[in-house]
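*Asks:* Below is the file protein-v2.cif, which contains mmCIF, C-alpha atoms.
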```cif
data_entry
loop_
_atom_site.label_atom_id
_atom_site.label_comp_id
_atom_site.auth_asym_id
_atom_site.auth_seq_id
_atom_site.Cartn_x
_atom_site.Cartn_y
_atom_site.Cartn_z
CA MET A 1 37.13 -26.72 -59.18
CA THR A 2 38.50 -29.93 -60.63
CA CYS A 3 37.32 -33.35 -59.44
CA THR A 4 38.78 -36.71 -60.42
CA GLN A 5 35.47 -38.59 -60.55
CA PRO A 6 31.76 -37.76 -60.13
CA ARG A 7 31.66 -39.35 -56.66
CA ASP A 8 34.04 -36.67 -55.38
CA LEU A 9 31.16 -34.20 -55.51
CA LEU A 10 29.62 -35.98 -52.49
CA ASP A 11 32.34 -34.35 -50.38
CA HIS A 12 31.33 -30.87 -51.53
CA VAL A 13 27.61 -30.73 -50.69
CA GLY A 14 26.80 -27.26 -49.38
CA GLU A 15 29.97 -25.76 -50.86
CA GLU A 16 30.46 -23.16 -53.52
CA LEU A 17 32.41 -24.49 -56.53
CA GLY A 18 33.41 -21.12 -57.91
CA VAL A 19 32.58 -18.29 -60.26
CA SER A 20 32.84 -18.23 -64.05
CA ARG A 21 34.34 -15.57 -66.32
CA TRP A 22 32.20 -12.56 -67.22
CA LEU A 23 30.23 -12.87 -70.45
CA GLU A 24 28.79 -9.85 -72.28
CA VAL A 25 25.24 -10.22 -73.55
CA ASP A 26 25.35 -8.38 -76.88
CA GLN A 27 22.56 -7.68 -79.37
CA SER A 28 23.97 -10.17 -81.85
CA THR A 29 23.63 -13.00 -79.29
CA ILE A 30 20.08 -11.89 -78.43
CA ASP A 31 19.16 -11.75 -82.15
CA GLN A 32 20.61 -15.20 -82.80
CA PHE A 33 18.73 -16.62 -79.82
CA ALA A 34 15.53 -15.00 -81.12
CA ASP A 35 16.09 -16.71 -84.48
CA ALA A 36 16.91 -20.09 -82.91
CA THR A 37 13.77 -20.01 -80.74
CA ASP A 38 11.40 -17.94 -82.95
CA ASP A 39 10.88 -15.49 -80.10
CA HIS A 40 11.13 -12.06 -81.73
CA GLN A 41 9.20 -10.08 -79.13
CA TRP A 42 10.03 -6.37 -79.50
CA ILE A 43 11.56 -6.00 -76.01
CA HIS A 44 14.38 -8.32 -77.19
CA VAL A 45 15.04 -7.31 -80.78
CA ASP A 46 13.50 -3.91 -81.60
CA THR A 47 16.20 -1.46 -80.49
CA GLU A 48 14.25 1.60 -81.70
CA ARG A 49 11.07 0.75 -79.82
CA ALA A 50 13.13 -0.23 -76.76
CA ALA A 51 14.78 3.20 -76.84
CA ARG A 52 11.31 4.73 -76.49
CA GLU A 53 9.52 2.26 -74.23
CA THR A 54 11.85 0.37 -71.86
CA ALA A 55 13.05 1.80 -68.53
CA ASP A 56 16.69 2.24 -69.57
CA GLY A 57 16.08 2.57 -73.31
CA ARG A 58 17.77 -0.73 -74.12
CA THR A 59 16.57 -4.12 -75.30
CA ILE A 60 16.38 -6.97 -72.76
CA ALA A 61 17.85 -10.48 -73.08
CA HIS A 62 15.41 -13.39 -73.15
CA GLY A 63 15.26 -15.05 -69.73
CA LEU A 64 15.72 -18.41 -71.40
CA LEU A 65 18.93 -17.12 -73.01
CA LEU A 66 20.35 -16.72 -69.51
CA LEU A 67 19.40 -20.30 -68.74
CA SER A 68 20.89 -21.51 -72.00
CA ILE A 69 24.29 -19.85 -71.49
CA LEU A 70 24.67 -21.76 -68.22
CA THR A 71 26.07 -24.57 -70.35
CA ALA A 72 28.78 -22.25 -71.67
CA LEU A 73 29.75 -20.96 -68.23
CA GLU A 74 29.56 -24.08 -66.08
CA ALA A 75 32.75 -25.54 -67.58
CA ASP A 76 34.61 -22.57 -66.04
CA VAL A 77 33.44 -23.64 -62.60
CA LEU A 78 33.60 -27.43 -62.56
CA HIS A 79 35.70 -29.96 -64.42
CA ILE A 80 35.40 -33.70 -63.76
CA GLU A 81 38.39 -35.56 -65.18
CA ARG A 82 36.83 -39.02 -65.40
CA SER A 83 33.31 -38.52 -66.70
CA SER A 84 32.01 -40.17 -69.88
CA HIS A 85 28.71 -38.30 -70.11
CA THR A 86 26.24 -36.16 -68.21
CA ILE A 87 22.45 -36.20 -68.44
CA ASN A 88 20.38 -33.06 -67.89
CA CYS A 89 17.48 -34.25 -65.71
CA GLY A 90 15.75 -30.92 -65.16
CA LEU A 91 15.30 -27.92 -62.94
CA GLU A 92 13.70 -27.07 -59.64
CA ARG A 93 12.44 -23.56 -58.93
CA LEU A 94 13.93 -21.05 -61.36
CA ARG A 95 13.31 -17.29 -61.16
CA PHE A 96 14.40 -14.49 -63.45
CA THR A 97 15.07 -11.97 -60.69
CA ALA A 98 16.30 -8.96 -62.68
CA GLN A 99 16.19 -7.93 -66.31
CA VAL A 100 19.44 -8.10 -68.25
CA SER A 101 19.74 -5.22 -70.70
CA VAL A 102 21.86 -5.54 -73.81
CA GLY A 103 25.54 -4.83 -73.10
CA ALA A 104 25.40 -6.15 -69.54
CA ARG A 105 28.02 -8.62 -68.35
CA VAL A 106 26.93 -11.73 -66.49
CA ARG A 107 28.68 -14.62 -64.77
CA LEU A 108 27.74 -17.87 -63.05
CA ARG A 109 28.20 -18.66 -59.37
CA ARG A 110 27.62 -22.34 -58.70
CA SER A 111 27.29 -24.44 -55.52
CA VAL A 112 26.46 -28.07 -54.80
CA ALA A 113 23.05 -28.21 -53.11
CA ASN A 114 22.75 -31.99 -52.96
CA ALA A 115 24.47 -35.11 -54.31
CA THR A 116 23.56 -38.80 -54.10
CA SER A 117 25.46 -41.74 -55.57
CA ASN A 118 24.10 -44.71 -57.48
CA VAL A 119 25.44 -48.28 -57.56
CA ASP A 120 26.81 -47.80 -61.11
CA GLY A 121 29.08 -45.01 -59.87
CA SER A 122 26.94 -42.23 -61.31
CA VAL A 123 26.00 -39.30 -59.13
CA ARG A 124 22.79 -37.28 -59.15
CA VAL A 125 23.70 -33.70 -58.32
CA THR A 126 21.55 -30.66 -57.65
CA PHE A 127 23.41 -27.40 -58.23
CA ASP A 128 22.45 -23.96 -57.00
CA GLU A 129 23.01 -21.70 -60.00
CA VAL A 130 23.12 -17.91 -59.69
CA ILE A 131 23.61 -15.67 -62.72
CA GLU A 132 25.12 -12.44 -61.42
CA MET A 133 25.13 -9.16 -63.29
CA GLU A 134 28.09 -6.78 -63.12
CA GLY A 135 27.36 -3.70 -61.02
CA SER A 136 24.13 -5.12 -59.60
CA GLN A 137 23.48 -6.45 -56.10
CA ARG A 138 20.52 -8.39 -57.37
CA PRO A 139 21.17 -11.54 -59.41
CA ALA A 140 19.57 -11.92 -62.84
CA MET A 141 18.60 -15.56 -62.37
CA VAL A 142 18.51 -18.13 -59.58
CA ALA A 143 17.79 -21.79 -60.17
CA GLN A 144 18.48 -25.33 -59.15
CA THR A 145 19.56 -27.68 -61.92
CA ILE A 146 19.66 -31.46 -61.65
CA TRP A 147 22.24 -33.61 -63.42
CA LEU A 148 23.13 -37.27 -63.59
CA ILE A 149 26.90 -37.46 -63.99
CA HIS A 150 28.35 -40.76 -65.16
CA PRO A 151 31.94 -41.89 -64.48
CA MET B 1 -7.66 -19.91 -76.82
CA HIS B 2 -8.27 -16.25 -77.49
CA PHE B 3 -8.71 -13.70 -74.70
CA ALA B 4 -9.73 -10.10 -75.27
CA HIS B 5 -7.82 -9.07 -72.14
CA PRO B 6 -5.25 -10.96 -69.98
CA ASP B 7 -7.59 -10.43 -67.00
CA ASP B 8 -10.01 -12.91 -68.58
CA LEU B 9 -7.53 -15.73 -67.89
CA ARG B 10 -8.62 -15.66 -64.26
CA HIS B 11 -11.96 -17.19 -65.24
CA HIS B 12 -10.31 -20.12 -67.02
CA VAL B 13 -8.04 -21.64 -64.36
CA GLY B 14 -7.97 -25.42 -64.85
CA ALA B 15 -8.82 -25.21 -68.55
CA GLU B 16 -6.64 -26.78 -71.21
CA LEU B 17 -5.16 -24.10 -73.47
CA GLY B 18 -4.88 -26.59 -76.26
CA VAL B 19 -2.07 -28.14 -78.24
CA SER B 20 0.40 -26.39 -80.52
CA ASN B 21 1.14 -27.47 -84.07
CA TRP B 22 3.92 -29.98 -84.62
CA LEU B 23 7.35 -28.37 -84.91
CA THR B 24 10.31 -30.17 -86.49
CA ILE B 25 13.51 -29.63 -84.55
CA ASP B 26 15.89 -29.52 -87.49
CA GLN B 27 19.67 -29.54 -87.60
CA ALA B 28 19.85 -25.82 -88.50
CA ARG B 29 18.00 -24.87 -85.31
CA VAL B 30 20.13 -27.19 -83.20
CA ASP B 31 23.31 -25.74 -84.73
CA ALA B 32 22.16 -22.14 -84.20
CA PHE B 33 21.43 -22.89 -80.55
CA ALA B 34 24.81 -24.60 -80.11
CA ARG B 35 26.65 -21.58 -81.57
CA ILE B 36 25.07 -19.22 -79.06
CA THR B 37 25.29 -21.42 -76.00
CA GLY B 38 28.58 -23.19 -76.64
CA THR B 39 27.01 -26.62 -76.24
CA PRO B 40 28.88 -29.52 -77.82
CA GLU B 41 27.51 -31.52 -80.77
CA SER B 42 25.14 -34.33 -79.86
CA GLN B 43 22.62 -36.65 -81.48
CA TRP B 44 20.02 -35.33 -79.03
CA VAL B 45 18.32 -31.95 -78.90
CA HIS B 46 19.50 -29.94 -75.90
CA GLY B 47 16.90 -29.80 -73.13
CA TYR B 48 17.33 -26.04 -72.78
CA LEU B 49 16.53 -25.61 -76.48
CA LEU B 50 13.30 -27.56 -76.00
CA LEU B 51 12.41 -25.33 -73.04
CA SER B 52 13.34 -22.21 -75.00
CA LEU B 53 10.77 -23.13 -77.64
CA PHE B 54 7.91 -23.04 -75.09
CA PRO B 55 7.17 -19.29 -75.60
CA ARG B 56 6.98 -19.75 -79.38
CA LEU B 57 4.76 -22.84 -79.10
CA THR B 58 2.55 -21.06 -76.56
CA THR B 59 1.76 -18.24 -78.98
CA GLU B 60 -0.02 -20.84 -81.13
CA CYS B 61 -2.40 -21.73 -78.28
CA LEU B 62 -2.81 -18.40 -76.51
CA GLU B 63 -3.78 -15.11 -78.12
CA PHE B 64 -4.73 -11.78 -76.61
CA GLY B 65 -6.60 -8.88 -78.12
CA GLN B 66 -4.50 -6.50 -76.14
CA VAL B 67 -1.01 -7.16 -74.79
CA ARG B 68 1.91 -4.76 -74.59
CA ARG B 69 4.54 -7.20 -73.44
CA THR B 70 5.09 -10.59 -71.85
CA LEU B 71 7.82 -11.22 -69.30
CA ASN B 72 9.23 -14.61 -68.47
CA TYR B 73 9.01 -14.90 -64.67
CA GLY B 74 10.33 -18.39 -64.02
CA LEU B 75 9.94 -22.14 -64.06
CA ASN B 76 8.87 -24.75 -61.52
CA ARG B 77 9.97 -28.39 -61.46
CA ILE B 78 11.02 -29.07 -65.03
CA ARG B 79 11.90 -32.65 -66.00
CA PHE B 80 13.58 -33.71 -69.22
CA ALA B 81 11.84 -37.05 -69.23
CA ALA B 82 12.89 -38.53 -72.59
CA PRO B 83 15.56 -37.62 -75.14
CA VAL B 84 14.51 -36.01 -78.45
CA SER B 85 16.50 -36.80 -81.60
CA ILE B 86 17.37 -34.15 -84.16
CA GLY B 87 14.67 -34.14 -86.84
CA ALA B 88 11.89 -35.25 -84.47
CA ARG B 89 8.60 -33.38 -84.33
CA VAL B 90 7.34 -32.01 -81.00
CA ARG B 91 4.25 -30.18 -79.80
CA LEU B 92 3.26 -28.50 -76.56
CA ARG B 93 0.10 -29.26 -74.58
CA GLN B 94 -0.72 -26.82 -71.79
CA THR B 95 -3.24 -26.24 -69.01
CA ILE B 96 -3.85 -23.03 -67.03
CA ASN B 97 -2.68 -23.78 -63.49
CA ALA B 98 -3.08 -20.26 -62.06
CA ALA B 99 -3.73 -16.68 -63.12
CA ASP B 100 -3.04 -14.07 -60.43
CA GLU B 101 -2.74 -10.33 -60.26
CA ALA B 102 0.84 -9.08 -60.49
CA LYS B 103 2.40 -5.65 -60.06
CA ALA B 104 1.73 -2.84 -62.54
CA GLY B 105 -1.55 -4.29 -63.78
CA GLY B 106 -0.02 -7.52 -65.04
CA ILE B 107 -1.43 -11.02 -64.80
CA ARG B 108 0.92 -13.76 -63.60
CA LEU B 109 0.09 -16.84 -65.61
CA THR B 110 1.25 -20.31 -64.52
CA LEU B 111 0.94 -23.01 -67.17
CA ASP B 112 1.39 -26.78 -66.76
CA GLY B 113 3.12 -27.95 -69.92
CA VAL B 114 3.96 -31.25 -71.54
CA LEU B 115 6.13 -31.39 -74.65
CA GLU B 116 5.07 -34.42 -76.67
CA VAL B 117 7.18 -36.20 -79.29
CA GLU B 118 5.56 -37.56 -82.45
CA HIS B 119 5.35 -41.37 -82.72
CA SER B 120 6.35 -41.69 -79.10
CA GLU B 121 4.46 -42.58 -75.96
CA GLY B 122 7.03 -40.60 -74.04
CA GLN B 123 6.88 -37.01 -72.95
CA ALA B 124 10.08 -35.09 -73.58
CA VAL B 125 9.60 -32.20 -71.14
CA ILE B 126 7.19 -31.84 -68.25
CA GLY B 127 6.91 -28.77 -66.06
CA GLN B 128 5.50 -25.39 -65.14
CA THR B 129 6.28 -22.08 -66.79
CA ILE B 130 5.36 -18.74 -65.26
CA ARG B 131 5.05 -15.49 -67.21
CA ILE B 132 3.60 -12.06 -66.54
CA VAL B 133 1.36 -10.65 -69.22
CA TYR B 134 0.94 -6.86 -69.30
CA PRO B 135 -2.08 -5.43 -71.10
#
```
How would this structure read if it were set down as structure tokens?
*Replies:*
Amino acid sequence: MTCTQPRDLLDHVGEELGVSRWLEVDQSTIDQFADATDDHQWIHVDTERAARETADGRTIAHGLLLLSILTALEADVLHIERSSHTINCGLERLRFTAQVSVGARVRLRRSVANATSNVDGSVRVTFDEVIEMEGSQRPAMVAQTIWLIHP
Amino acid sequence: MHFAHPDDLRHHVGAELGVSNWLTIDQARVDAFARITGTPESQWVHGYLLLSLFPRLTTECLEFGQVRRTLNYGLNRIRFAAPVSIGARVRLRQTINAADEAKAGGIRLTLDGVLEVEHSEGQAVIGQTIRIVYP
């Protein structure tokens, strides 16, 4: 969805904004995330041990990688034409609801849970974020994120 | 803190786990994170990168004699309370909020965390992380 200004989001509380493109979670992305965050636990990076010890024989993406790729996918779902900057205020309840094995494709489904405007024209928005996994009824991640969007 | 078995955490609810060492958030780390996540360049460290460093910083404060794997279960009420500039040093202070039995013999561990910034009164990140530790 495209909005002209942040305040337009007030008219979309309770509505779904849309769904992003599919993004494949490959081993190279998982390895790079492990390097960037120093989290090299074997379930993420050791493909040989994963072949022996995980349920489907494949490594699993870091949960926090799923959170981090939200920033790459959200631009597919919402574009605000007149916005100078956006501040990431935080998160409400977030749950990693299913494991994402390497090679899986995920996408973002985003709705506006709440929006309030400030006198300076900025809008504080709470989004419902759902990371869906191709071929799975169960989402991989559900969360609420909170943003302050400036005009 | 060192625990022989994750089960022992249940006797330490309310205790402070301790504080991690200082970690410098350098440009190379910020760039690596930006490449993966597609985030634009900024003078500030991305909040999700700060959160993603929690597991690594936790390993400095929490050790087990016997653990097969740790699963990230979720987060509760995270606030990015102050911006962190590239090059700043941060450390994580955590307290055990809860330790409950989970499925398959795991222990679900809820930690209250505060990410502190060096030379700053401010706290960069405040919130709860939840993980399941399997012996």
*Asks:* Which neighbours of region 96-106 of chain B fall inside 7 Å, counting only C-alpha atoms, when residues of the same chain fewer than 2 positions from it are skipped, and could you give them as a VMD selection string?
*Replies:* chain B and resid 9 to 10 13 to 17 94 108 to 112 132 to 135
*Asks:* So, with only C-alpha atoms as the atoms that count, which of B:Ser85, B:Gln66, B:Ser20, B:Asn76 lies closest to chain A?
*Replies:*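 Result for the nearest residue to chain A: B:Asn76.
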*Asks:* Which of these, A:Thr4, A:Val19, A:Val102, A:Ser68, has the shortest distance to Thr47 (chain A) once you count only C-alpha atoms?
*Replies:*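 Of all the options, A:Val102 lies closest to Thr47 (chain A).
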*Asks:* Which distance in Å separates CA of Glu63 (chain B) and CA of His5 (chain B), to one decimal?
*Replies:*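 Between CA of Glu63 (chain B) and CA of His5 (chain B) the gap is 9.4 Å.
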*Asks:* When you get a sec, could you note down which chain A residues fall within 9 Å of chain B, using all atoms listed in the file, as a VMD selection string?
*Replies:* chain A and resid 29 to 30 32 to 33 35 to 39 41 to 43 62 to 65 67 to 73 88 to 97 141 143 146
*Asks:* In Å, how far is it from CA of Val84 (chain B) to CA of Leu9 (chain A)?
*Replies:*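 Answer for the CA of Val84 (chain B) to CA of Leu9 (chain A) separation: 28.4 Å.
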*Asks:* What is the distance between CA of His2 (chain B) and CA of Gly113 (chain B), in Å to one decimal?
*Replies:*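 So the two atoms, CA of His2 (chain B) and CA of Gly113 (chain B), lie 18.0 Å apart.
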*Asks:* Check the smallest atom-to-atom distance from each of A:Thr145, A:Gln27, A:Gln5, A:Asn114 to His85 (chain A) using all atoms listed in the file, then report the winner.
*Replies:* A:Gln5
*Asks:* Can you sort out the box for region 28-43 of chain A, edges along x, y and z, all listed atoms in, 6 Å on every side, with centre and edge lengths in Å to one decimal, as JSON?
*Replies:*
```
{"center_x": 16.6, "center_y": -13.0, "center_z": -80.2, "size_x": 26.8, "size_y": 26.1, "size_z": 20.5}
```
*Asks:* Please enumerate the residues selected by the PyMOL selection byres ((chain B and resi 92) around 6) when evaluated against the supplied file, formatted as a ChimeraX atom specification.
*Replies:* /B:19-20,91,93,114-115
*Asks:* Find the residue from B:Ile25, B:Thr95, B:Asp8, B:Ser42 that sits nearest to Cys61 (chain B); use all atoms listed in the file when measuring.
*Replies:*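 For Cys61 (chain B), the nearest of the given residues is B:Thr95.
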*Asks:* Identify all residues satisfying the PyMOL selection byres ((chain A and resi 148-150) around 10) in the given file; provide them as a PyMOL selection string.
*Replies:* chain A and resi 5-7+80+82-90+115-118+120-126+146-147+151
*Asks:* Given the choices A:Leu17, A:Val25, A:Val45, A:Leu10, which gets closest to Val130 (chain A) if the distance is worked out from all atoms listed in the file?
*Replies:* A:Leu17
